[in-house]
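Q: Shown below is the structure under consideration.
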Amino acid sequence: MQLNTVFQTTTATSIVKGSNNLPPSQTDKTEEPQKTTSLRALAQTIDPTNMSRNEARAMANELMKSGDTDLSSEFLSHSAVLNPTGDGAFRNATESDSIMNEKFNMFDAIQRSIEFNKSKGISNEGNLSALSFLEKFEMMGNSPKIDTRA
């Protein structure tokens, strides 16, 4: 019962204070202009209908940096490929391998993954999220950045 009273007191105190709980020195600063996000920069240079595995890996890395690990793993899986070493073994392809620069249509690759998963009864939640993101990514690349401060 006392815990509930403490909670109510804390909640009432924070409501009375208002939403600006920062010291005056931090609130008086002028707002810095927003920098172009790395995903937007990638969208300006990557065509999802004609991209390389290196570009898919770059997308995955930026998504990982932004904290979207699930979506990142979807694109990372499309950038992963094994290269034969010549002695019957395989190794992970590196950025400089020619196979990493071969172009492919990411929309088609995701659609093929969806069809495969359907045939095996596997969930397509990640693939559908990746497809939705890719459509937005393509639009981001085709539209100019709008300056909202002007």
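In the structure tokens, chains take the letters A, B, ... in the order shown, each chain's residues start at 1, and ligands count up from 1 in the order shown.
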A:Ser98: which residues within 12 Å, counting only C-alpha atoms, same-chain residues fewer than 6 positions away excluded, as a list in words?
A: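 Counting only C-alpha atoms, the residues come to Ser52, Arg53, Asn54, Val81, Leu82 and Asn83 of chain A.
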Q: What residues in stretch 31-84 of chain A get the DSSP label strand (DSSP E)? Please answer as a PyMOL selection string.
A: chain A and resi 51-52+82-84
Q: List every residue of stretch 33-127 of chain A that DSSP, applied to the backbone of this structure, assigns to helix (DSSP H, G or I), and report them as a PyMOL selection string.
A: chain A and resi 38-45+53-65+69-79+98-101+106-120+125-127
Q: Could you give me, as a count of residues only, the residues within 9 Å of A:Met140, counting only C-alpha atoms and dropping anything in the same chain fewer than 5 positions from it?
A: 6
Q: A:Pro84, A:Ser66, A:Ser79, A:Ser119: which is nearest A:Lys103, counting only C-alpha atoms?
A: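 Of A:Pro84, A:Ser66, A:Ser79, A:Ser119, the one nearest A:Lys103, counting only C-alpha atoms, is A:Ser79.
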Q: Report, in Å with one decimal, the straight-line distance from atom CA of A:Phe116 to atom CA of A:Phe90.
A: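 Separation of atom CA of A:Phe116 and atom CA of A:Phe90: 24.2 Å.
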Q: Which residues, written as a list in words, have at least one atom at most 8 Å from A:Ile46, with only C-alpha atoms counted and residues fewer than 5 positions away on the same chain left out?
A: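 Close residues of A:Ile46: Met51, Glu55 and Gly141 of chain A.
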Q: Please compute the atom CA of A:Met106-atom CA of A:Ser77 distance, one decimal, in Å.
A: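 Calculated distance between atom CA of A:Met106 and atom CA of A:Ser77 is 11.4 Å.
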Q: Given the choices A:Ser129, A:Ser96, A:His78, A:Asp68, which gets closest to A:Arg112 if the distance is worked out from only C-alpha atoms?
A: A:His78
Q: Would you mind reading off the distance between atom CA of A:Asn101 and atom CA of A:Ile114, one decimal, in Å?
A: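 According to the coordinates, atom CA of A:Asn101 and atom CA of A:Ile114 are separated by 24.0 Å.
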